[in-house]
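Coordinates from final.txt are shown below (compact mmCIF, C-alpha atoms).
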```txt
# COMPACT_ATOMS: atom_id res chain seq x y z
CA LEU A 1 6.90 10.31 -36.57
CA LEU A 2 8.64 10.67 -33.18
CA ALA A 3 8.32 14.46 -33.38
CA LEU A 4 4.60 14.18 -34.13
CA LEU A 5 4.11 11.85 -31.16
CA VAL A 6 5.97 14.27 -28.88
CA LEU A 7 3.86 17.20 -30.10
CA THR A 8 0.67 15.16 -29.66
CA ASN A 9 1.50 14.29 -26.06
CA LEU A 10 2.65 17.85 -25.36
CA SER A 11 -0.62 19.32 -26.63
CA ALA A 12 -2.61 16.77 -24.63
CA ALA A 13 -0.67 17.61 -21.47
CA LEU A 14 -1.13 21.34 -22.02
CA SER A 15 -4.87 20.91 -22.56
CA ASP A 16 -5.07 18.78 -19.41
CA VAL A 17 -3.37 21.47 -17.34
CA ILE A 18 -5.71 24.14 -18.69
CA ILE A 19 -8.73 22.00 -17.82
CA ASP A 20 -7.32 21.45 -14.31
CA ALA A 21 -6.96 25.21 -13.95
CA MET A 22 -10.55 25.83 -15.02
CA VAL A 23 -11.84 23.19 -12.60
CA ALA A 24 -9.85 24.70 -9.72
CA GLU A 25 -11.18 28.19 -10.35
CA ARG A 26 -14.75 26.97 -10.57
CA ALA A 27 -14.29 24.74 -7.52
CA LEU A 28 -13.52 27.82 -5.42
CA VAL A 29 -16.78 29.39 -6.54
CA ALA A 30 -18.65 26.11 -6.03
CA SER A 31 -17.32 25.74 -2.47
CA LYS A 32 -18.62 29.21 -1.61
CA GLU A 33 -21.97 28.94 -3.35
CA GLY A 34 -22.54 25.18 -3.21
CA GLY A 35 -24.93 25.23 -0.27
CA LYS A 36 -24.70 22.81 2.64
CA GLY A 37 -21.16 21.68 3.43
CA SER A 38 -19.95 18.40 4.85
CA GLU A 39 -16.71 16.54 5.45
CA THR A 40 -16.81 15.04 1.98
CA GLY A 41 -17.49 18.28 0.13
CA THR A 42 -20.18 20.87 -0.46
CA GLU A 43 -23.03 20.23 -2.84
CA GLY A 44 -21.40 22.56 -5.34
CA GLU A 45 -17.99 20.86 -5.13
CA ASP A 46 -19.54 17.43 -5.50
CA ALA A 47 -21.73 18.49 -8.43
CA LEU A 48 -18.71 19.96 -10.23
CA GLN A 49 -16.63 16.80 -9.83
CA THR A 50 -19.56 14.58 -10.78
CA ILE A 51 -20.16 16.57 -13.97
CA CYS A 52 -16.47 16.45 -14.92
CA TRP A 53 -16.05 12.73 -14.31
CA GLY A 54 -19.48 11.85 -15.63
CA SER A 55 -18.56 13.58 -18.88
CA LEU A 56 -15.25 11.72 -18.98
CA SER A 57 -17.04 8.40 -18.43
CA ILE A 58 -19.58 9.05 -21.18
CA GLY A 59 -16.86 10.13 -23.59
CA GLY A 60 -14.84 7.05 -22.69
CA LEU A 61 -17.86 4.82 -23.26
CA VAL A 62 -18.41 6.30 -26.71
CA GLY A 63 -14.73 6.02 -27.62
CA SER A 64 -14.41 2.47 -26.34
CA GLY A 65 -17.60 1.46 -28.14
CA ILE A 66 -16.25 2.85 -31.39
CA GLY A 67 -12.98 1.04 -30.73
CA ILE A 68 -14.72 -2.33 -30.36
CA VAL A 69 -16.35 -1.92 -33.77
CA ALA A 70 -13.35 -0.34 -35.48
CA ILE A 71 -10.73 -2.81 -34.27
CA SER A 72 -12.13 -5.59 -36.43
CA SER A 73 -13.74 -3.79 -39.34
CA ALA A 74 -12.07 -0.43 -40.00
CA SER A 75 -8.78 0.41 -41.68
CA LEU A 76 -5.92 2.00 -39.77
CA SER A 77 -6.25 5.25 -41.73
CA LEU A 78 -9.94 5.52 -40.78
CA ILE A 79 -9.19 4.79 -37.11
CA PHE A 80 -6.52 7.50 -36.96
CA SER A 81 -8.84 9.93 -38.79
CA VAL A 82 -11.60 9.37 -36.25
CA THR A 83 -9.06 9.73 -33.42
CA ALA A 84 -8.00 13.10 -34.82
CA LEU A 85 -11.56 14.40 -34.54
CA ALA A 86 -11.38 14.63 -30.74
CA PRO A 87 -8.60 17.29 -30.64
CA LEU A 88 -10.38 19.14 -33.45
CA LEU A 89 -13.62 19.26 -31.45
CA SER A 90 -11.64 20.44 -28.41
CA LEU A 91 -10.20 23.26 -30.50
CA VAL A 92 -13.64 24.36 -31.67
CA THR A 93 -15.12 24.33 -28.17
CA ALA A 94 -12.07 26.14 -26.74
CA ILE A 95 -12.77 29.10 -29.01
CA LEU A 96 -16.13 29.55 -27.29
CA LEU A 97 -14.68 29.65 -23.77
CA PRO A 98 -14.46 33.06 -22.08
CA GLU A 99 -11.00 33.98 -20.85
CA LYS A 100 -9.18 36.86 -19.26
CA ARG A 101 -6.21 38.49 -20.92
CA SER A 102 -2.85 37.37 -19.52
CA LYS A 103 -0.67 39.82 -17.60
CA GLY A 104 2.43 38.66 -19.46
CA VAL A 105 5.77 37.91 -17.81
CA ALA A 106 4.84 39.79 -14.65
CA GLY A 107 1.78 37.59 -14.23
CA VAL A 108 3.86 34.45 -14.64
CA LYS A 109 6.35 35.60 -11.98
CA THR A 110 3.49 36.36 -9.61
CA GLN A 111 2.02 32.89 -10.14
CA ILE A 112 5.37 31.20 -9.51
CA THR A 113 5.91 33.19 -6.32
CA SER A 114 2.40 32.36 -5.09
CA LEU A 115 2.88 28.70 -5.93
CA LEU A 116 6.18 28.44 -4.04
CA SER A 117 4.67 30.22 -1.07
CA ALA A 118 1.67 27.86 -1.05
CA LEU A 119 3.87 24.75 -1.23
CA ARG A 120 5.57 25.76 2.03
CA GLN A 121 2.30 25.35 3.91
CA PRO A 122 1.93 21.98 5.69
CA ARG A 123 -1.76 21.76 4.80
CA ILE A 124 -0.69 21.72 1.17
CA HIS A 125 2.64 19.89 0.92
CA ARG A 126 1.57 17.03 3.22
CA PRO A 127 -1.42 15.94 1.10
CA LEU A 128 0.73 16.52 -1.97
CA ALA A 129 3.39 14.14 -0.63
CA PHE A 130 0.76 11.52 0.18
CA PHE A 131 -0.80 11.58 -3.27
CA PHE A 132 2.64 11.15 -4.84
CA LEU A 133 3.75 8.33 -2.53
CA GLN A 134 0.40 6.56 -2.83
CA TYR A 135 1.38 5.64 -6.38
CA ALA A 136 5.18 5.79 -6.26
CA LEU A 137 5.49 3.17 -3.50
CA VAL A 138 3.58 0.56 -5.52
CA PRO A 139 5.20 -1.07 -8.58
CA SER A 140 2.97 -1.11 -11.64
CA VAL A 141 2.47 -4.53 -13.24
CA SER A 142 -0.18 -3.49 -15.77
CA GLU A 143 1.96 -4.19 -18.83
CA THR A 144 3.04 -7.57 -17.49
CA MET A 145 -0.57 -8.53 -16.77
CA LEU A 146 -1.55 -7.41 -20.27
CA PHE A 147 1.00 -9.80 -21.79
CA PHE A 148 -0.19 -12.54 -19.44
CA ALA A 149 -3.79 -11.91 -20.52
CA THR A 150 -2.93 -12.27 -24.20
CA ASP A 151 -0.26 -15.00 -24.02
CA VAL A 152 -1.73 -17.26 -21.32
CA LEU A 153 -5.40 -16.38 -20.92
CA LYS A 154 -5.74 -15.85 -24.69
CA PHE A 155 -7.94 -12.79 -24.35
CA SER A 156 -8.86 -11.39 -27.77
CA PRO A 157 -8.32 -7.74 -28.82
CA GLU A 158 -12.12 -7.37 -28.89
CA PHE A 159 -12.41 -8.42 -25.25
CA LEU A 160 -9.59 -6.07 -24.24
CA ALA A 161 -11.44 -3.24 -25.98
CA ALA A 162 -14.66 -4.28 -24.24
CA GLN A 163 -12.81 -4.01 -20.92
CA GLY A 164 -12.46 -0.32 -21.64
CA VAL A 165 -16.24 0.01 -21.92
CA ILE A 166 -16.72 -1.85 -18.64
CA ALA A 167 -14.07 0.30 -16.94
CA PHE A 168 -15.83 3.53 -17.92
CA LEU A 169 -19.17 2.10 -16.80
CA ALA A 170 -17.60 1.30 -13.43
CA LEU A 171 -16.09 4.81 -13.33
CA LEU A 172 -19.52 6.33 -13.91
CA LEU A 173 -21.05 4.05 -11.29
CA GLY A 174 -18.35 5.05 -8.80
CA SER A 175 -19.20 8.73 -9.33
CA VAL A 176 -22.87 8.02 -8.73
CA ILE A 177 -22.15 6.00 -5.58
CA TYR A 178 -19.97 8.79 -4.16
CA SER A 179 -22.59 11.41 -4.96
CA ARG A 180 -25.47 9.47 -3.42
CA PHE A 181 -23.91 7.58 -0.52
CA VAL A 182 -20.67 9.36 0.48
CA SER A 183 -21.09 13.04 -0.30
CA GLY A 184 -22.92 14.90 2.43
CA LYS A 185 -21.99 12.35 5.08
CA ASN A 186 -19.69 13.19 7.97
CA ILE A 187 -16.87 10.93 6.80
CA ALA A 188 -13.35 12.28 7.15
CA PHE A 189 -11.11 12.26 4.08
CA ASP A 190 -8.37 10.26 5.79
CA THR A 191 -10.94 7.57 6.66
CA ILE A 192 -12.00 7.33 3.02
CA PHE A 193 -8.40 7.02 1.85
CA PHE A 194 -7.46 4.49 4.50
CA TYR A 195 -10.27 2.04 3.83
CA SER A 196 -10.16 2.58 0.06
CA GLN A 197 -6.44 1.77 -0.02
CA LEU A 198 -6.99 -1.25 2.24
CA ALA A 199 -9.77 -2.52 -0.02
CA LEU A 200 -7.64 -2.02 -3.14
CA ALA A 201 -4.79 -3.98 -1.54
CA VAL A 202 -7.15 -6.87 -0.83
CA ILE A 203 -8.70 -6.76 -4.32
CA SER A 204 -5.24 -6.73 -5.91
CA LEU A 205 -4.85 -10.29 -4.64
CA GLY A 206 -7.37 -11.21 -7.33
CA ASP A 207 -4.58 -10.99 -9.91
CA LEU A 208 -2.59 -13.45 -7.81
CA LEU A 209 -5.54 -15.86 -7.72
CA LEU A 210 -5.87 -15.49 -11.49
CA VAL A 211 -2.20 -16.31 -12.12
CA LEU A 212 -2.35 -19.30 -9.75
CA ARG A 213 -5.51 -20.39 -11.66
CA LEU A 214 -7.45 -20.72 -8.41
CA ASN A 215 -10.47 -19.09 -10.02
CA ILE A 216 -10.68 -22.04 -12.43
CA ALA A 217 -10.44 -24.44 -9.51
CA TRP A 218 -13.41 -22.61 -7.96
CA GLY A 219 -15.37 -22.79 -11.19
CA ILE A 220 -15.11 -19.09 -12.10
CA PRO A 221 -14.24 -18.38 -15.78
CA ASP A 222 -11.31 -16.06 -16.46
CA VAL A 223 -13.50 -13.52 -18.27
CA ALA A 224 -16.02 -13.23 -15.43
CA PHE A 225 -13.30 -13.09 -12.78
CA VAL A 226 -11.39 -10.32 -14.55
CA ILE A 227 -14.49 -8.24 -15.24
CA ALA A 228 -15.69 -8.51 -11.63
CA SER A 229 -12.34 -7.68 -10.01
CA ASP A 230 -11.58 -4.81 -12.40
CA SER A 231 -15.05 -3.29 -11.94
CA VAL A 232 -14.90 -3.36 -8.15
CA SER A 233 -11.36 -1.97 -8.19
CA THR A 234 -12.39 0.91 -10.49
CA ILE A 235 -15.38 1.81 -8.32
CA ILE A 236 -13.29 1.91 -5.13
CA SER A 237 -10.55 3.91 -6.85
CA ARG A 238 -13.18 6.40 -7.97
CA LEU A 239 -14.39 6.91 -4.39
CA ALA A 240 -10.85 7.76 -3.32
CA MET A 241 -10.12 9.94 -6.34
CA GLN A 242 -13.26 12.04 -5.86
CA SER A 243 -11.98 12.93 -2.38
CA PHE A 244 -8.53 13.62 -3.84
CA PHE A 245 -9.90 16.14 -6.33
CA ILE A 246 -11.98 17.89 -3.67
CA ILE A 247 -8.93 18.19 -1.39
CA ALA A 248 -6.75 19.40 -4.26
CA ALA A 249 -9.26 22.07 -5.23
CA ARG A 250 -10.05 23.10 -1.65
CA VAL A 251 -6.48 23.73 -0.42
CA CYS A 252 -5.66 26.00 -3.35
CA PRO A 253 -5.35 29.55 -1.97
CA GLU A 254 -7.10 32.31 -3.85
CA GLY A 255 -4.88 33.83 -6.51
CA CYS A 256 -3.00 30.68 -7.57
CA GLU A 257 -5.81 28.12 -7.73
CA ALA A 258 -5.02 27.11 -11.29
CA ALA A 259 -1.25 26.75 -10.83
CA LEU A 260 -1.50 24.79 -7.57
CA TYR A 261 -4.31 22.50 -8.73
CA ALA A 262 -2.38 21.71 -11.91
CA PHE A 263 0.69 21.04 -9.75
CA PHE A 264 -1.38 18.58 -7.68
CA MET A 265 -2.48 16.76 -10.82
CA SER A 266 1.05 16.74 -12.25
CA THR A 267 2.49 15.37 -9.00
CA SER A 268 -0.11 12.59 -8.95
CA ASN A 269 0.67 11.73 -12.57
CA PHE A 270 4.40 11.77 -11.80
CA GLY A 271 3.74 9.30 -9.02
CA SER A 272 2.11 7.00 -11.58
CA THR A 273 5.18 7.38 -13.80
CA VAL A 274 7.48 6.46 -10.90
CA SER A 275 5.23 3.46 -10.24
CA GLY A 276 5.80 2.30 -13.82
CA ILE A 277 9.57 2.75 -13.50
CA PHE A 278 9.50 0.90 -10.17
CA GLY A 279 7.61 -1.97 -11.80
CA SER A 280 10.04 -2.16 -14.72
CA PHE A 281 12.95 -2.22 -12.26
CA VAL A 282 11.72 -5.04 -10.00
CA THR A 283 10.13 -7.28 -12.67
CA PRO A 284 13.42 -8.88 -13.83
CA TYR A 285 14.25 -9.87 -10.24
CA PHE A 286 11.20 -12.13 -10.24
CA ASP A 287 12.31 -13.84 -13.48
CA VAL A 288 9.35 -12.46 -15.39
CA SER A 289 9.83 -11.67 -19.06
CA SER A 290 7.98 -12.03 -22.35
CA GLY A 291 6.58 -15.56 -22.45
CA GLU A 292 8.05 -16.43 -19.04
CA TYR A 293 5.62 -15.99 -16.15
CA GLY A 294 6.93 -18.44 -13.57
CA GLY A 295 7.73 -15.68 -11.08
CA LEU A 296 4.64 -13.59 -11.79
CA ALA A 297 2.87 -14.81 -8.66
CA GLY A 298 5.74 -13.58 -6.51
CA LEU A 299 5.74 -10.21 -8.29
CA LEU A 300 2.01 -9.80 -7.69
CA ALA A 301 2.37 -10.73 -4.02
CA PHE A 302 5.13 -8.10 -3.71
CA ARG A 303 2.87 -5.52 -5.41
CA SER A 304 0.03 -6.27 -2.99
CA ALA A 305 2.39 -5.97 0.00
CA CYS A 306 3.59 -2.59 -1.26
CA MET A 307 -0.03 -1.41 -1.44
CA ILE A 308 -0.14 -1.66 2.35
CA LEU A 309 2.61 0.97 2.74
CA PRO A 310 0.44 4.04 1.98
CA LEU A 311 -1.83 3.03 4.87
CA PHE A 312 0.90 4.05 7.31
CA LEU A 313 1.07 7.52 5.72
CA VAL A 314 -2.62 8.40 5.78
CA ARG A 315 -2.81 9.62 9.37
CA SER A 316 0.51 11.48 9.37
CA LEU A 317 0.18 13.25 6.01
CA LEU A 318 -3.57 13.85 5.93
CA ALA A 319 -4.18 14.38 9.66
CA GLY A 320 -3.56 18.13 9.39
CA GLN A 321 -5.88 18.39 6.40
CA SER A 322 -9.21 19.69 7.65
CA PRO A 323 -12.07 17.96 5.86
CA GLN A 324 -14.37 20.86 6.61
CA LYS A 325 -14.86 23.61 4.08
CA ASP A 326 -12.70 26.62 4.75
CA GLU A 327 -14.80 29.57 5.65
```

Go ahead and render the structure in this file as structure tokens.
Amino acid sequence: LLALLVLTNLSAALSDVIIDAMVAERALVASKEGGKGSETGTEGEDALQTICWGSLSIGGLVGSGIGIVAISSASLSLIFSVTALAPLLSLVTAILLPEKRSKGVAGVKTQITSLLSALRQPRIHRPLAFFFLQYALVPSVSETMLFFATDVLKFSPEFLAAQGVIAFLALLLGSVIYSRFVSGKNIAFDTIFFYSQLALAVISLGDLLLVLRLNIAWGIPDVAFVIASDSVSTIISRLAMQSFFIIAARVCPEGCEAALYAFFMSTSNFGSTVSGIFGSFVTPYFDVSSGEYGGLAGLLAFRSACMILPLFLVRSLLAGQSPQKDE
């Protein structure tokens, strides 16, 4: 079973890297042919990212909707069978994709050399460092809050599944908001990241209010409070992430777009992994464990304080990153 889980995650990671590579290659074409440019991306770049994330949101909505129904009425074997359909559909569609023949070992060496050369450029390694530290400096408390939601707030599995639907709706809404109200405006990337991170730090205090039960004192039910705070947080995160993907695709030099873009994505994901490790490390120091949440408020306050740290890195690490399209 462990071997199957490893192979499943390995195949998912490989597919993710291939998709990143395809997006990077098409982003270069979109930036050249996308029409009017602006600080937040050309029309082509924005359309590409909107299509990608809109598709992800719709797929997530369908999957989460199926999960809500299946969690209470379907057998485990049926759930796993339906889950296996997604990779199968990916395999079928992959066969239809056009691709160029690989150049073998020589091509791999060329890609590695190009990647290492690109990483030495400040306009590339500075944004890369920021996107890693943006996550790594903040301890993740998602698992702890999940246990708090089930043990203390008594949220049902159905509601937790419904949260997934709401999250994907908010993700889709965030893409639409960026496309209509941010893209095409003369707003610098570092400005977007600064105020997005500041807003997320403020919104993260909502978890602290929830744990202190202040929302109940104000007459706001737990369900409504959680849905509202999570939705706003997802929308703001989407605004920042759209800019992240445009930067990642734009700085990739021609010839190693796929490798460098995939490296950007992997570095960002590694930052999330470090965030999880950081959270697991500091949680015991706040006397938080399964069924014991007396120090959870302190942990959440520490998490919110850590979310301020990336603000001090925005200007220094993204200042050299030109928001204008490279000609």

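With all atoms listed in the file as the atoms that count, the minimum distance from Leu311 (chain A) to the choices A:Thr150, A:Ser57, A:Gln134, A:Ser117 is reached by A:Gln134.
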
Proximity to Ala240 (chain A) - best of A:Ile192, A:Leu128, A:Leu115, A:Leu14, all atoms listed in the file
A:Ile192

Selection near Val288 (chain A), 12 Å with all atoms listed in the file, sequence-local residues under 5 positions removed, as a VMD selection string
chain A and resid 141 143 to 145 147 to 148 279 to 283 293 to 300

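Picture a line from CA of Ile18 (chain A) to CA of Gly59 (chain A); it runs 18.6 Å.
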
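Distance annotation: of A:Ile247, A:Val176, A:Thr191, A:Leu153, the residue with the minimal separation from Val226 (chain A) is A:Leu153; atom set is all atoms listed in the file.
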
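With all atoms listed in the file as the atoms that count, the minimum distance from Tyr178 (chain A) to the choices A:Ile236, A:Val223, A:Leu97, A:Ala217 is reached by A:Ile236.
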
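Considering the residues A:Ser268, A:Ala259, A:Arg315, A:Ala301 and counting all atoms listed in the file, Ser114 (chain A) has its shortest atom-to-atom contact with A:Ala259.
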
Quick one: of A:Ala262, A:Ile220, A:Ile177, A:Leu317, who's nearest to Gln242 (chain A), counting only C-alpha atoms?
A:Ile177

Taking N, CA and C atoms as the atom set, what does region 109-123 of chain A look like once completed, written as a JSON list (two decimals), in the frame of the given file?
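Now in result09.json:
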```json
[["chain", "number", "residue", "atom", "x", "y", "z"],
["A", 109, "LYS", "N", 5.50, 35.50, -13.17],
["A", 109, "LYS", "CA", 6.35, 35.60, -11.98],
["A", 109, "LYS", "C", 5.49, 35.60, -10.71],
["A", 110, "THR", "N", 4.38, 36.31, -10.77],
["A", 110, "THR", "CA", 3.49, 36.36, -9.61],
["A", 110, "THR", "C", 2.93, 34.98, -9.30],
["A", 111, "GLN", "N", 2.56, 34.23, -10.34],
["A", 111, "GLN", "CA", 2.02, 32.89, -10.14],
["A", 111, "GLN", "C", 3.07, 31.95, -9.55],
["A", 112, "ILE", "N", 4.30, 32.05, -10.03],
["A", 112, "ILE", "CA", 5.37, 31.20, -9.51],
["A", 112, "ILE", "C", 5.64, 31.51, -8.05],
["A", 113, "THR", "N", 5.68, 32.79, -7.72],
["A", 113, "THR", "CA", 5.91, 33.19, -6.32],
["A", 113, "THR", "C", 4.79, 32.69, -5.42],
["A", 114, "SER", "N", 3.55, 32.82, -5.89],
["A", 114, "SER", "CA", 2.40, 32.36, -5.09],
["A", 114, "SER", "C", 2.42, 30.85, -4.93],
["A", 115, "LEU", "N", 2.82, 30.15, -5.99],
["A", 115, "LEU", "CA", 2.88, 28.70, -5.93],
["A", 115, "LEU", "C", 3.92, 28.24, -4.92],
["A", 116, "LEU", "N", 5.12, 28.83, -4.96],
["A", 116, "LEU", "CA", 6.18, 28.44, -4.04],
["A", 116, "LEU", "C", 5.79, 28.75, -2.60],
["A", 117, "SER", "N", 5.12, 29.86, -2.41],
["A", 117, "SER", "CA", 4.67, 30.22, -1.07],
["A", 117, "SER", "C", 3.62, 29.24, -0.56],
["A", 118, "ALA", "N", 2.72, 28.81, -1.44],
["A", 118, "ALA", "CA", 1.67, 27.86, -1.05],
["A", 118, "ALA", "C", 2.26, 26.50, -0.71],
["A", 119, "LEU", "N", 3.28, 26.07, -1.46],
["A", 119, "LEU", "CA", 3.87, 24.75, -1.23],
["A", 119, "LEU", "C", 4.60, 24.66, 0.11],
["A", 120, "ARG", "N", 4.92, 25.78, 0.72],
["A", 120, "ARG", "CA", 5.57, 25.76, 2.03],
["A", 120, "ARG", "C", 4.59, 25.48, 3.16],
["A", 121, "GLN", "N", 3.31, 25.56, 2.87],
["A", 121, "GLN", "CA", 2.30, 25.35, 3.91],
["A", 121, "GLN", "C", 2.07, 23.86, 4.13],
["A", 122, "PRO", "N", 2.13, 23.41, 5.40],
["A", 122, "PRO", "CA", 1.93, 21.98, 5.69],
["A", 122, "PRO", "C", 0.60, 21.43, 5.19],
["A", 123, "ARG", "N", -0.45, 22.25, 5.23],
["A", 123, "ARG", "CA", -1.76, 21.76, 4.80],
["A", 123, "ARG", "C", -1.81, 21.50, 3.30]]
```
